[in-house]
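Asker: Please see the structure below; I have some questions.
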Amino acid sequence: MTHNSRSRLAAVAAVAALALGMSACSSSSKGGSSSSGTPSGGKPAKNINTQVGNDINPQPRDKLADGGTLRWPEVSIPEQMNYNEVDGPDGSVSDIMGAVLEQPFYADAQGVPHNNKNLVASFQVASSPQQVVTLELNPQAVWSDGTPVSEADFEAQWKALNGTNQAFQVAATAGYDQIASVKPGKDAKEVVITFAKPLSEWQGLFSPLYPAATNSDPKKFENDFKNAIPTADGPFRLDSIDQTAKTLTLVRNEKWWGDKAKLDKIIFRAIDADAQSDSLANNEIDLQYGIGAHVAYYARVKNLPNVTVHKAAGPVWGNLTFNGAGTGPLSDVKVRNALTIGINRKQIDTAIVGPLGVSTDPLNNHILLTNQKGYQDNSGDLGKPDAARAKQLLDAAGWVSTDGGKTRTKGGKTLNLRFTISSTNDTSKQLAEIVQSQLGDIGVQITIVPVPGADFYTKYVETGDYDIAPVVLGGNAYPISTAEPVFANPTTGADGKVNIQQNYGRLGSPEIDGLFTQALSSLDRDQATQYANQADAAIWKLDTIVPLYQRPQIVATNSKLANYGAPGVQDTVYENLGFVTGS
């Protein structure tokens, strides 16, 4: 698992990568936390935050040393540093560019965005007759080459990413394709963004913001940031890239107008994930993330001297996805309901994430994470295991047992489902074996089908060649935009091909689509959250994806490192990273 930092990109553009498990772990924010409200319907978010939402060793700047080098491991040093280019989306790019480029809004500990005053001094939103967002840019904001940060940068990024010019090989167009125009206001420091249709999570756009020079030409878009970072408007700038030594070094940006970065430099170094624990133990690096997916990593680092292990509820969640397409057993909602209550999610979570020393309470929302404002349990009677009722549902669906409950048949066919897993993922194998045992108790046979890890998503999940699959999905500060393509009703094009987007369960409904439309077009965040929870309740009833757990975000750091650790859904403020002074 890679670790995304300050930027979630325009969160909606991250959906495809997140849905494939290239998940994001976010970091700390400049915004303060908001009080949590409870949308109507469902159970309120009381005593259900299953893991700590944030653990970053927060320290005021005056407690930090002036200077120092942060040694930051990555699995690789990517060639393409333009996150918006088709080859750009990568956790390492996000980590690096988060220190170099500014974004308009930061997410706080509950995933609520607040304007980043280093870039956006203030903003206004008008909703009638159409949505118009006006950003007042910080008058001091300047690129490191001396060019002022201006409306031109926003306009060029919109034109590059909105999909109208196919010469730009972009990672995604979502959100940008809903903008009608980007124009200057009273001067070049005022950005007026007019939307063709409302977008509630507009704050995720232009994150990070690249310079107009790069976004103005398709070739420059592809090449300007290839093995290079030609300019910066954040607290750090590029010093050097050494692909032989596999290091990238950032130093303070002399043109930075905000709080001076506490660190002198950040050295990113490519180290294989399996070797990072030893590197941390040998004091060769100052942090290691991705531990929440590996019990062995956790066992290695949890007792290291001068190392602190931070834990939070991460922005990634594991689930069981049922393939409801066609006329097979899983096309019947009664069968899907029987499977959902036939498994014991608490038992699964205890086995999978329990050894990591975190809460094993199941996740009960498909859109909002436990540490996000508005999270609530909408699972209803599907939220708890009930083997007796599961058997009744299978009987009602016509799958009856004639051998004392060991198997069930209908029309001469045995109820036997393929549980497809990656052959290289030990956790998936463990999960499949637990599910196999649990569903065996209600007469459902499970055949575990290991497939090559590299093919798991592309040749099986995406094509629908499975009955049940363990899928990892990602969330972030813009959960509605991220979830919508995962639950959108599949559509059939003129060529007869079905477009599922990221809906691997292959079932949807007009009701769910309508609620997402209302949520994404509501400019009142609380109202949008209410619609999101209504959509989640409908998703539970459709029952093609069963949430299991919010993957723990576990990050081990040098004990003196401050304002970094396991941030949950927050964004990192790189100028505030540093080492605590004294002993």
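As shown in the structure tokens, the chain order sets the letters A, B, ...; within each chain, residues go from 1, and ligands are also counted from 1 in the order they appear.
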Report as a compact mmCIF listing (two decimals) with C-alpha atoms, in the first residue's frame all protein, DNA and RNA residues lying within 12 Å of Thr414 of chain A, evaluated on only C-alpha atoms, omitting residues in the same chain fewer than 6 positions from it.
Answerer:
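And here is the file that came out, result-v7.txt:
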```txt
# COMPACT_ATOMS: atom_id res chain seq x y z
CA GLY A 328 -26.70 -17.16 -11.36
CA PRO A 329 -27.53 -17.64 -7.67
CA GLY A 398 -35.53 -22.28 -3.51
CA TRP A 399 -32.12 -23.52 -2.42
CA VAL A 400 -33.10 -26.38 -0.14
CA SER A 401 -31.09 -28.96 1.73
CA THR A 402 -31.77 -32.68 1.57
CA ASP A 403 -28.68 -33.91 3.43
CA LYS A 406 -24.38 -29.78 4.27
CA THR A 407 -25.37 -28.72 0.75
CA ARG A 408 -28.23 -26.95 -0.96
CA GLY A 443 -25.14 -25.16 3.35
CA VAL A 444 -23.31 -22.94 0.88
CA GLN A 445 -20.27 -24.53 -0.69
CA ILE A 446 -17.33 -22.26 -1.45
```
Asker: Run DSSP on the backbone of this structure and report the residues of segment 269-421 of chain A it assigns to strand (DSSP E or B), as a VMD selection string.
Answerer: chain A and resid 269 to 270 287 to 288 307 to 322 377 400 409 to 410 413 to 414 416 to 421
Asker: Output N, CA, C and O atoms for every residue in the selection just made, as a short mmCIF file (atom, residue, chain, number, x, y, z; two decimals), in the first residue's frame.
Answerer:
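The result, stored in again_5.cif:
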```cif
data_model
loop_
_atom_site.label_atom_id
_atom_site.label_comp_id
_atom_site.auth_asym_id
_atom_site.auth_seq_id
_atom_site.Cartn_x
_atom_site.Cartn_y
_atom_site.Cartn_z
N ARG A 269 13.90 8.05 -0.79
CA ARG A 269 14.81 6.98 -1.22
C ARG A 269 14.02 5.73 -1.54
O ARG A 269 13.15 5.32 -0.76
N ALA A 270 14.28 5.12 -2.69
CA ALA A 270 13.59 3.90 -3.09
C ALA A 270 14.14 2.72 -2.29
O ALA A 270 15.33 2.44 -2.34
N LEU A 287 10.87 6.78 8.78
CA LEU A 287 9.48 6.36 8.85
C LEU A 287 9.24 5.14 7.96
O LEU A 287 10.03 4.86 7.07
N GLN A 288 8.17 4.44 8.26
CA GLN A 288 7.71 3.34 7.42
C GLN A 288 6.19 3.30 7.48
O GLN A 288 5.61 3.28 8.57
N VAL A 307 11.54 4.35 18.21
CA VAL A 307 10.54 4.32 17.14
C VAL A 307 9.15 4.33 17.77
O VAL A 307 8.90 3.62 18.74
N THR A 308 8.28 5.18 17.25
CA THR A 308 6.89 5.24 17.70
C THR A 308 5.99 4.67 16.61
O THR A 308 6.13 5.03 15.44
N VAL A 309 5.10 3.79 17.01
CA VAL A 309 4.13 3.22 16.07
C VAL A 309 2.81 3.97 16.22
O VAL A 309 2.21 3.98 17.29
N HIS A 310 2.40 4.63 15.16
CA HIS A 310 1.16 5.41 15.15
C HIS A 310 0.06 4.59 14.48
O HIS A 310 0.30 3.93 13.47
N LYS A 311 -1.15 4.67 15.04
CA LYS A 311 -2.27 3.92 14.49
C LYS A 311 -3.48 4.82 14.32
O LYS A 311 -3.78 5.64 15.19
N ALA A 312 -4.17 4.65 13.21
CA ALA A 312 -5.40 5.40 12.96
C ALA A 312 -6.27 4.58 12.00
O ALA A 312 -5.80 3.61 11.38
N ALA A 313 -7.50 4.98 11.89
CA ALA A 313 -8.39 4.37 10.91
C ALA A 313 -8.01 4.90 9.53
O ALA A 313 -8.12 6.09 9.26
N GLY A 314 -7.52 4.04 8.68
CA GLY A 314 -7.02 4.46 7.38
C GLY A 314 -8.12 4.68 6.36
O GLY A 314 -9.25 4.22 6.53
N PRO A 315 -7.80 5.38 5.27
CA PRO A 315 -8.79 5.67 4.23
C PRO A 315 -8.93 4.55 3.20
O PRO A 315 -9.07 4.80 2.01
N VAL A 316 -8.86 3.30 3.66
CA VAL A 316 -8.98 2.15 2.79
C VAL A 316 -9.85 1.12 3.50
O VAL A 316 -9.71 0.93 4.71
N TRP A 317 -10.75 0.48 2.76
CA TRP A 317 -11.60 -0.50 3.41
C TRP A 317 -11.72 -1.78 2.59
O TRP A 317 -11.79 -1.76 1.38
N GLY A 318 -11.71 -2.90 3.32
CA GLY A 318 -11.82 -4.20 2.68
C GLY A 318 -13.27 -4.66 2.67
O GLY A 318 -14.05 -4.34 3.58
N ASN A 319 -13.63 -5.42 1.65
CA ASN A 319 -15.02 -5.89 1.55
C ASN A 319 -15.09 -7.19 0.79
O ASN A 319 -14.12 -7.62 0.15
N LEU A 320 -16.24 -7.82 0.85
CA LEU A 320 -16.59 -8.94 -0.01
C LEU A 320 -17.52 -8.42 -1.08
O LEU A 320 -18.56 -7.82 -0.78
N THR A 321 -17.17 -8.61 -2.34
CA THR A 321 -18.02 -8.17 -3.45
C THR A 321 -18.68 -9.39 -4.07
O THR A 321 -18.01 -10.37 -4.41
N PHE A 322 -20.01 -9.31 -4.21
CA PHE A 322 -20.78 -10.37 -4.86
C PHE A 322 -21.07 -9.97 -6.31
O PHE A 322 -21.52 -8.85 -6.56
N ASP A 377 -24.24 4.05 10.98
CA ASP A 377 -24.53 2.65 10.65
C ASP A 377 -25.89 2.57 9.98
O ASP A 377 -26.92 2.82 10.59
N VAL A 400 -32.72 -25.57 -1.30
CA VAL A 400 -33.10 -26.38 -0.14
C VAL A 400 -32.07 -27.47 0.10
O VAL A 400 -31.33 -27.89 -0.80
N THR A 409 -29.46 -27.45 -2.95
CA THR A 409 -29.64 -27.61 -4.39
C THR A 409 -30.91 -26.92 -4.85
O THR A 409 -31.84 -26.68 -4.07
N LYS A 410 -30.93 -26.63 -6.15
CA LYS A 410 -32.11 -26.03 -6.79
C LYS A 410 -32.09 -26.45 -8.25
O LYS A 410 -31.09 -26.20 -8.95
N LYS A 413 -29.06 -28.35 -9.38
CA LYS A 413 -27.75 -27.72 -9.26
C LYS A 413 -27.40 -27.47 -7.80
O LYS A 413 -28.26 -27.08 -7.00
N THR A 414 -26.15 -27.69 -7.46
CA THR A 414 -25.68 -27.45 -6.10
C THR A 414 -25.27 -25.99 -5.94
O THR A 414 -24.67 -25.39 -6.85
N ASN A 416 -22.87 -23.80 -5.16
CA ASN A 416 -21.43 -23.78 -5.00
C ASN A 416 -20.90 -22.52 -5.67
O ASN A 416 -21.09 -22.31 -6.87
N LEU A 417 -20.26 -21.65 -4.90
CA LEU A 417 -19.81 -20.35 -5.39
C LEU A 417 -18.29 -20.28 -5.43
O LEU A 417 -17.60 -20.80 -4.54
N ARG A 418 -17.77 -19.63 -6.47
CA ARG A 418 -16.31 -19.46 -6.63
C ARG A 418 -15.86 -18.22 -5.86
O ARG A 418 -16.32 -17.12 -6.12
N PHE A 419 -14.96 -18.42 -4.93
CA PHE A 419 -14.36 -17.31 -4.18
C PHE A 419 -12.98 -17.09 -4.78
O PHE A 419 -12.03 -17.83 -4.52
N THR A 420 -12.85 -16.08 -5.64
CA THR A 420 -11.62 -15.83 -6.39
C THR A 420 -10.68 -14.94 -5.60
O THR A 420 -11.10 -13.89 -5.10
N ILE A 421 -9.43 -15.35 -5.48
CA ILE A 421 -8.45 -14.58 -4.72
C ILE A 421 -7.13 -14.49 -5.49
O ILE A 421 -6.87 -15.27 -6.39
#
```
Asker: Any idea what's packed within 9 Å of Asp349 of chain A, counting only C-alpha atoms, ignoring anything in its chain fewer than 2 positions away? Could you give it as a PyMOL selection string?
Answerer: chain A and resi 344-347+351-354+359-362+548-549
Asker: Save out the residues we just selected, all heavy atoms, as a CSV table (one decimal), in the first residue's frame.
Answerer:
```csv
chain,number,residue,atom,x,y,z
A,344,ASN,N,-19.8,-14.0,9.7
A,344,ASN,CA,-19.6,-13.3,10.9
A,344,ASN,C,-18.5,-12.3,10.7
A,344,ASN,O,-17.3,-12.7,10.7
A,344,ASN,CB,-19.3,-14.2,12.1
A,344,ASN,CG,-19.2,-13.6,13.4
A,344,ASN,OD1,-18.7,-12.4,13.5
A,344,ASN,ND2,-19.7,-14.2,14.4
A,345,ARG,N,-18.8,-11.0,10.4
A,345,ARG,CA,-17.8,-10.0,10.1
A,345,ARG,C,-16.9,-9.8,11.3
A,345,ARG,O,-15.7,-9.5,11.1
A,345,ARG,CB,-18.5,-8.7,9.6
A,345,ARG,CG,-19.2,-8.9,8.3
A,345,ARG,CD,-19.7,-7.6,7.7
A,345,ARG,NE,-20.7,-7.0,8.6
A,345,ARG,CZ,-20.9,-5.7,8.9
A,345,ARG,NH1,-20.0,-4.8,8.3
A,345,ARG,NH2,-21.8,-5.2,9.7
A,346,LYS,N,-17.4,-9.8,12.5
A,346,LYS,CA,-16.6,-9.5,13.7
A,346,LYS,C,-15.5,-10.6,13.8
A,346,LYS,O,-14.3,-10.3,14.0
A,346,LYS,CB,-17.5,-9.5,14.9
A,346,LYS,CG,-16.7,-9.4,16.2
A,346,LYS,CD,-16.1,-8.0,16.4
A,346,LYS,CE,-15.6,-7.8,17.8
A,346,LYS,NZ,-15.0,-6.5,18.0
A,347,GLN,N,-15.9,-11.9,13.5
A,347,GLN,CA,-14.9,-12.9,13.5
A,347,GLN,C,-13.9,-12.8,12.5
A,347,GLN,O,-12.7,-13.0,12.7
A,347,GLN,CB,-15.7,-14.3,13.4
A,347,GLN,CG,-14.8,-15.5,13.6
A,347,GLN,CD,-15.6,-16.8,13.3
A,347,GLN,OE1,-15.7,-17.3,12.2
A,347,GLN,NE2,-16.2,-17.3,14.4
A,351,ALA,N,-9.7,-11.9,13.0
A,351,ALA,CA,-8.6,-12.7,12.5
A,351,ALA,C,-7.7,-11.9,11.6
A,351,ALA,O,-6.5,-12.1,11.6
A,351,ALA,CB,-9.2,-13.9,11.7
A,352,ILE,N,-8.3,-11.0,10.8
A,352,ILE,CA,-7.5,-10.3,9.8
A,352,ILE,C,-6.8,-9.1,10.4
A,352,ILE,O,-5.5,-8.9,10.1
A,352,ILE,CB,-8.4,-9.8,8.6
A,352,ILE,CG1,-9.1,-11.0,8.0
A,352,ILE,CG2,-7.6,-9.0,7.6
A,352,ILE,CD1,-8.2,-12.0,7.3
A,353,VAL,N,-7.4,-8.2,11.1
A,353,VAL,CA,-6.8,-7.0,11.6
A,353,VAL,C,-6.5,-7.1,13.1
A,353,VAL,O,-5.8,-6.2,13.7
A,353,VAL,CB,-7.6,-5.7,11.3
A,353,VAL,CG1,-7.7,-5.6,9.8
A,353,VAL,CG2,-8.9,-5.7,11.9
A,354,GLY,N,-7.1,-8.0,13.8
A,354,GLY,CA,-6.9,-8.2,15.3
A,354,GLY,C,-5.4,-8.2,15.6
A,354,GLY,O,-5.0,-7.6,16.6
A,359,SER,N,-9.0,-2.0,16.8
A,359,SER,CA,-10.3,-2.4,17.0
A,359,SER,C,-10.7,-3.4,15.8
A,359,SER,O,-10.3,-3.2,14.7
A,359,SER,CB,-11.3,-1.2,17.0
A,359,SER,OG,-12.6,-1.6,16.9
A,360,THR,N,-11.6,-4.3,16.2
A,360,THR,CA,-12.1,-5.3,15.2
A,360,THR,C,-13.6,-5.1,14.9
A,360,THR,O,-14.2,-6.0,14.4
A,360,THR,CB,-11.8,-6.7,15.6
A,360,THR,OG1,-12.4,-6.9,16.9
A,360,THR,CG2,-10.3,-7.0,15.7
A,361,ASP,N,-14.1,-3.9,15.2
A,361,ASP,CA,-15.5,-3.6,14.9
A,361,ASP,C,-15.7,-3.5,13.4
A,361,ASP,O,-14.9,-2.7,12.8
A,361,ASP,CB,-16.0,-2.4,15.6
A,361,ASP,CG,-16.1,-2.5,17.1
A,361,ASP,OD1,-16.2,-3.7,17.6
A,361,ASP,OD2,-16.1,-1.5,17.9
A,362,PRO,N,-16.7,-4.1,12.8
A,362,PRO,CA,-16.9,-4.0,11.4
A,362,PRO,C,-17.2,-2.6,10.9
A,362,PRO,O,-17.8,-1.8,11.7
A,362,PRO,CB,-18.0,-5.0,11.1
A,362,PRO,CG,-18.0,-5.9,12.2
A,362,PRO,CD,-17.6,-5.1,13.4
A,548,LEU,N,-16.2,-5.0,5.4
A,548,LEU,CA,-15.6,-5.8,6.4
A,548,LEU,C,-14.9,-5.0,7.5
A,548,LEU,O,-15.3,-4.9,8.6
A,548,LEU,CB,-14.6,-6.8,5.9
A,548,LEU,CG,-15.2,-7.9,4.9
A,548,LEU,CD1,-14.1,-8.8,4.4
A,548,LEU,CD2,-16.3,-8.8,5.7
A,549,TYR,N,-13.9,-4.2,7.1
A,549,TYR,CA,-13.1,-3.5,8.0
A,549,TYR,C,-12.5,-2.2,7.3
A,549,TYR,O,-12.3,-2.2,6.1
A,549,TYR,CB,-12.0,-4.3,8.7
A,549,TYR,CG,-11.1,-5.0,7.6
A,549,TYR,CD1,-10.1,-4.3,7.0
A,549,TYR,CD2,-11.4,-6.3,7.3
A,549,TYR,CE1,-9.3,-4.9,6.1
A,549,TYR,CE2,-10.6,-6.9,6.3
A,549,TYR,CZ,-9.5,-6.2,5.7
A,549,TYR,OH,-8.8,-6.8,4.8
```
Asker: Out of A:Asn365, A:Lys429, A:Gln372, A:Ser331, which residue has the shortest atom-to-atom distance to Gly508 of chain A when counting only C-alpha atoms?
Answerer: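 For Gly508 of chain A, the nearest of the given residues is A:Ser331.
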Asker: Measuring atom to atom with only C-alpha atoms, identify which of A:Asp467, A:Pro355, A:Ala281, A:Ser422 is nearest to Asp455 of chain A.
Answerer: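 Closest candidate: A:Ser422.
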Asker: Which is closest to Leu577 of chain A among A:Tyr176, A:Phe105, A:Tyr564, A:Phe516, if we use only C-alpha atoms?
Answerer: A:Tyr564
Asker: Could you tell me which of A:Asn282, A:Gln527, A:Asn306, A:Ser207 comes closest to Asn82 of chain A if we count only C-alpha atoms?
Answerer: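 Counting only C-alpha atoms, the residue closest to Asn82 of chain A is A:Ser207.
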Asker: Interatomic distance between atom CA of Asn116 of chain A and atom CA of Glu102 of chain A?
Answerer: 8.4 Å
Asker: Between A:Ala477, A:Ile545, A:Ala562, A:Leu161, single out the one closest to Leu368 of chain A, counting only C-alpha atoms.
Answerer: A:Ala477
Asker: Considering only C-alpha atoms, return as an mmCIF file with N, CA, C and O atoms, in the first residue's frame whatever protein or nucleic-acid residues lie within 6 Å of segment 289-293 of chain A, sequence-local ones (same chain, fewer than 5 positions apart) excluded.
Answerer:
```cif
data_model
loop_
_atom_site.group_PDB
_atom_site.id
_atom_site.type_symbol
_atom_site.label_atom_id
_atom_site.label_comp_id
_atom_site.auth_asym_id
_atom_site.auth_seq_id
_atom_site.Cartn_x
_atom_site.Cartn_y
_atom_site.Cartn_z
ATOM 1 N N MET A 1 0.843 -1.189 0.000
ATOM 2 C CA MET A 1 0.000 0.000 0.000
ATOM 3 C C MET A 1 0.877 1.237 0.000
ATOM 4 O O MET A 1 1.738 1.394 0.835
ATOM 5 N N TYR A 298 4.455 -5.228 11.196
ATOM 6 C CA TYR A 298 4.058 -4.717 12.514
ATOM 7 C C TYR A 298 4.856 -5.422 13.614
ATOM 8 O O TYR A 298 5.375 -4.772 14.535
ATOM 9 N N PRO A 552 -6.548 -0.606 9.111
ATOM 10 C CA PRO A 552 -5.797 0.283 9.999
ATOM 11 C C PRO A 552 -4.620 0.917 9.277
ATOM 12 O O PRO A 552 -3.938 0.263 8.485
ATOM 13 N N GLN A 553 -4.423 2.170 9.553
ATOM 14 C CA GLN A 553 -3.271 2.888 9.020
ATOM 15 C C GLN A 553 -2.215 2.862 10.117
ATOM 16 O O GLN A 553 -2.405 3.438 11.188
ATOM 17 N N ILE A 554 -1.152 2.143 9.878
ATOM 18 C CA ILE A 554 -0.104 1.998 10.884
ATOM 19 C C ILE A 554 1.201 2.505 10.285
ATOM 20 O O ILE A 554 1.649 2.013 9.240
ATOM 21 N N VAL A 555 1.764 3.503 10.930
ATOM 22 C CA VAL A 555 2.987 4.140 10.446
ATOM 23 C C VAL A 555 3.993 4.194 11.587
ATOM 24 O O VAL A 555 3.678 4.695 12.668
#
```
Asker: Considering only C-alpha atoms, return as number ranges by chain whatever protein or nucleic-acid residues lie within 9 Å of segment 67-80 of chain A, sequence-local ones (same chain, fewer than 3 positions apart) excluded.
Answerer: A: 2-3, 64, 83, 85, 87-93, 95, 222-223, 225-228, 241, 243, 246-248, 261-273, 276, 284-289, 561, 577-579
Asker: Find the residues near segment 117-134 of chain A: any atom within 10 Å, counting only C-alpha atoms, skip ones fewer than 3 places away on the same chain, and give them as a VMD selection string.
Answerer: chain A and resid 30 to 31 102 to 106 114 137 to 142 149 to 150 179 to 185 189 to 200 202 to 203 209 233 to 234 256 to 259 521 to 523
Asker: Filtering to C-alpha atoms, could you give me those residues as a PDB file, in the first residue's frame?
Answerer:
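out-v3.pdb, written as the output of this step:
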```pdb
ATOM      1  CA  LYS A  30      -4.078  23.254   8.328  1.00  0.00           C
ATOM      2  CA  GLY A  31      -7.816  23.290   8.965  1.00  0.00           C
ATOM      3  CA  GLU A 102       0.091  23.875  -3.218  1.00  0.00           C
ATOM      4  CA  GLN A 103      -3.576  22.865  -3.287  1.00  0.00           C
ATOM      5  CA  PRO A 104      -6.588  25.115  -2.636  1.00  0.00           C
ATOM      6  CA  PHE A 105      -8.105  23.148   0.279  1.00  0.00           C
ATOM      7  CA  TYR A 106      -6.857  20.898   3.065  1.00  0.00           C
ATOM      8  CA  HIS A 114     -10.774  24.151   4.677  1.00  0.00           C
ATOM      9  CA  LEU A 137      -5.645  33.998  -4.279  1.00  0.00           C
ATOM     10  CA  ASN A 138      -2.981  34.963  -1.784  1.00  0.00           C
ATOM     11  CA  PRO A 139      -1.312  38.047  -3.320  1.00  0.00           C
ATOM     12  CA  GLN A 140       2.117  36.718  -2.252  1.00  0.00           C
ATOM     13  CA  ALA A 141       1.701  33.345  -4.000  1.00  0.00           C
ATOM     14  CA  VAL A 142       4.482  32.918  -6.554  1.00  0.00           C
ATOM     15  CA  VAL A 149       0.436  32.112  -9.137  1.00  0.00           C
ATOM     16  CA  SER A 150      -2.665  33.375 -10.899  1.00  0.00           C
ATOM     17  CA  ILE A 179     -16.909  23.209 -15.201  1.00  0.00           C
ATOM     18  CA  ALA A 180     -18.306  25.578 -17.844  1.00  0.00           C
ATOM     19  CA  SER A 181     -15.594  28.239 -17.559  1.00  0.00           C
ATOM     20  CA  VAL A 182     -12.634  29.506 -15.553  1.00  0.00           C
ATOM     21  CA  LYS A 183     -12.003  33.231 -15.922  1.00  0.00           C
ATOM     22  CA  PRO A 184     -10.241  36.073 -14.129  1.00  0.00           C
ATOM     23  CA  GLY A 185     -12.337  38.295 -11.882  1.00  0.00           C
ATOM     24  CA  LYS A 189      -5.506  36.990  -8.479  1.00  0.00           C
ATOM     25  CA  GLU A 190      -9.257  36.378  -8.554  1.00  0.00           C
ATOM     26  CA  VAL A 191     -10.427  33.074 -10.071  1.00  0.00           C
ATOM     27  CA  VAL A 192     -14.071  32.748 -11.113  1.00  0.00           C
ATOM     28  CA  ILE A 193     -15.104  29.127 -11.699  1.00  0.00           C
ATOM     29  CA  THR A 194     -18.550  28.614 -13.232  1.00  0.00           C
ATOM     30  CA  PHE A 195     -20.005  25.101 -13.206  1.00  0.00           C
ATOM     31  CA  ALA A 196     -22.229  23.687 -15.930  1.00  0.00           C
ATOM     32  CA  LYS A 197     -23.922  21.589 -13.242  1.00  0.00           C
ATOM     33  CA  PRO A 198     -23.516  21.678  -9.466  1.00  0.00           C
ATOM     34  CA  LEU A 199     -20.650  19.786  -7.848  1.00  0.00           C
ATOM     35  CA  SER A 200     -20.748  19.501  -4.058  1.00  0.00           C
ATOM     36  CA  TRP A 202     -15.599  20.979  -5.807  1.00  0.00           C
ATOM     37  CA  GLN A 203     -12.912  21.619  -3.171  1.00  0.00           C
ATOM     38  CA  LEU A 209      -2.156  22.896  -8.878  1.00  0.00           C
ATOM     39  CA  ASP A 233       4.952  26.986  -5.149  1.00  0.00           C
ATOM     40  CA  GLY A 234       5.174  25.025  -1.884  1.00  0.00           C
ATOM     41  CA  TRP A 256       8.036  30.390  -0.328  1.00  0.00           C
ATOM     42  CA  TRP A 257       5.943  33.064   1.354  1.00  0.00           C
ATOM     43  CA  GLY A 258       4.370  30.949   4.107  1.00  0.00           C
ATOM     44  CA  ASP A 259       5.827  29.671   7.361  1.00  0.00           C
ATOM     45  CA  SER A 521     -25.246  18.586  -6.465  1.00  0.00           C
ATOM     46  CA  SER A 522     -25.981  19.807  -2.936  1.00  0.00           C
ATOM     47  CA  LEU A 523     -23.696  22.673  -1.944  1.00  0.00           C
TER      48      LEU A 523
END
```
Asker: Just checking: using only C-alpha atoms, which residue out of A:Val472, A:Val295, A:Ile442, A:Ala212 ends up closest to Phe456 of chain A?
Answerer: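 Closest residue, counting only C-alpha atoms: A:Val472.
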Asker: If we count only C-alpha atoms and set the cut-off at 6 Å, which residues sit around Asn162 of chain A, ignoring sequence neighbours fewer than 3 positions away in its own chain? Please answer as a PyMOL selection string.
Answerer: chain A and resi 158-159+173+176-177
Asker: Write out, as a tab-separated table (two decimals), in the first residue's frame, the residues just selected, with all heavy atoms.
Answerer:
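Printed below is out.tsv as written:
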```
chain	number	residue	atom	x	y	z
A	158	TRP	N	-7.77	23.43	-15.90
A	158	TRP	CA	-9.12	23.03	-16.29
A	158	TRP	C	-9.16	22.62	-17.77
A	158	TRP	O	-9.70	21.57	-18.11
A	158	TRP	CB	-10.11	24.17	-16.03
A	158	TRP	CG	-11.41	24.01	-16.77
A	158	TRP	CD1	-12.32	23.00	-16.65
A	158	TRP	CD2	-11.93	24.89	-17.77
A	158	TRP	NE1	-13.37	23.18	-17.51
A	158	TRP	CE2	-13.17	24.33	-18.21
A	158	TRP	CE3	-11.48	26.08	-18.34
A	158	TRP	CZ2	-13.96	24.96	-19.18
A	158	TRP	CZ3	-12.27	26.70	-19.31
A	158	TRP	CH2	-13.49	26.14	-19.72
A	159	LYS	N	-8.56	23.42	-18.63
A	159	LYS	CA	-8.58	23.11	-20.07
A	159	LYS	C	-7.83	21.83	-20.39
A	159	LYS	O	-8.22	21.07	-21.28
A	159	LYS	CB	-8.01	24.29	-20.86
A	159	LYS	CG	-8.92	25.51	-20.89
A	159	LYS	CD	-8.31	26.66	-21.66
A	159	LYS	CE	-9.27	27.85	-21.73
A	159	LYS	NZ	-8.64	29.02	-22.42
A	173	THR	N	-10.82	12.94	-15.88
A	173	THR	CA	-11.45	14.23	-16.18
A	173	THR	C	-12.54	14.59	-15.19
A	173	THR	O	-13.06	15.70	-15.23
A	173	THR	CB	-12.09	14.20	-17.59
A	173	THR	OG1	-13.12	13.19	-17.61
A	173	THR	CG2	-11.06	13.90	-18.65
A	176	TYR	N	-13.58	18.21	-13.47
A	176	TYR	CA	-13.20	19.25	-14.42
A	176	TYR	C	-14.18	19.30	-15.60
A	176	TYR	O	-14.40	20.36	-16.17
A	176	TYR	CB	-11.78	19.00	-14.93
A	176	TYR	CG	-10.72	19.14	-13.86
A	176	TYR	CD1	-10.20	18.03	-13.22
A	176	TYR	CD2	-10.25	20.39	-13.47
A	176	TYR	CE1	-9.24	18.14	-12.22
A	176	TYR	CE2	-9.29	20.53	-12.49
A	176	TYR	CZ	-8.79	19.40	-11.86
A	176	TYR	OH	-7.85	19.52	-10.87
A	177	ASP	N	-14.76	18.15	-15.93
A	177	ASP	CA	-15.70	18.13	-17.05
A	177	ASP	C	-17.06	18.71	-16.67
A	177	ASP	O	-17.94	18.82	-17.51
A	177	ASP	CB	-15.86	16.70	-17.61
A	177	ASP	CG	-16.33	15.70	-16.55
A	177	ASP	OD1	-16.61	16.10	-15.41
A	177	ASP	OD2	-16.41	14.49	-16.88
```
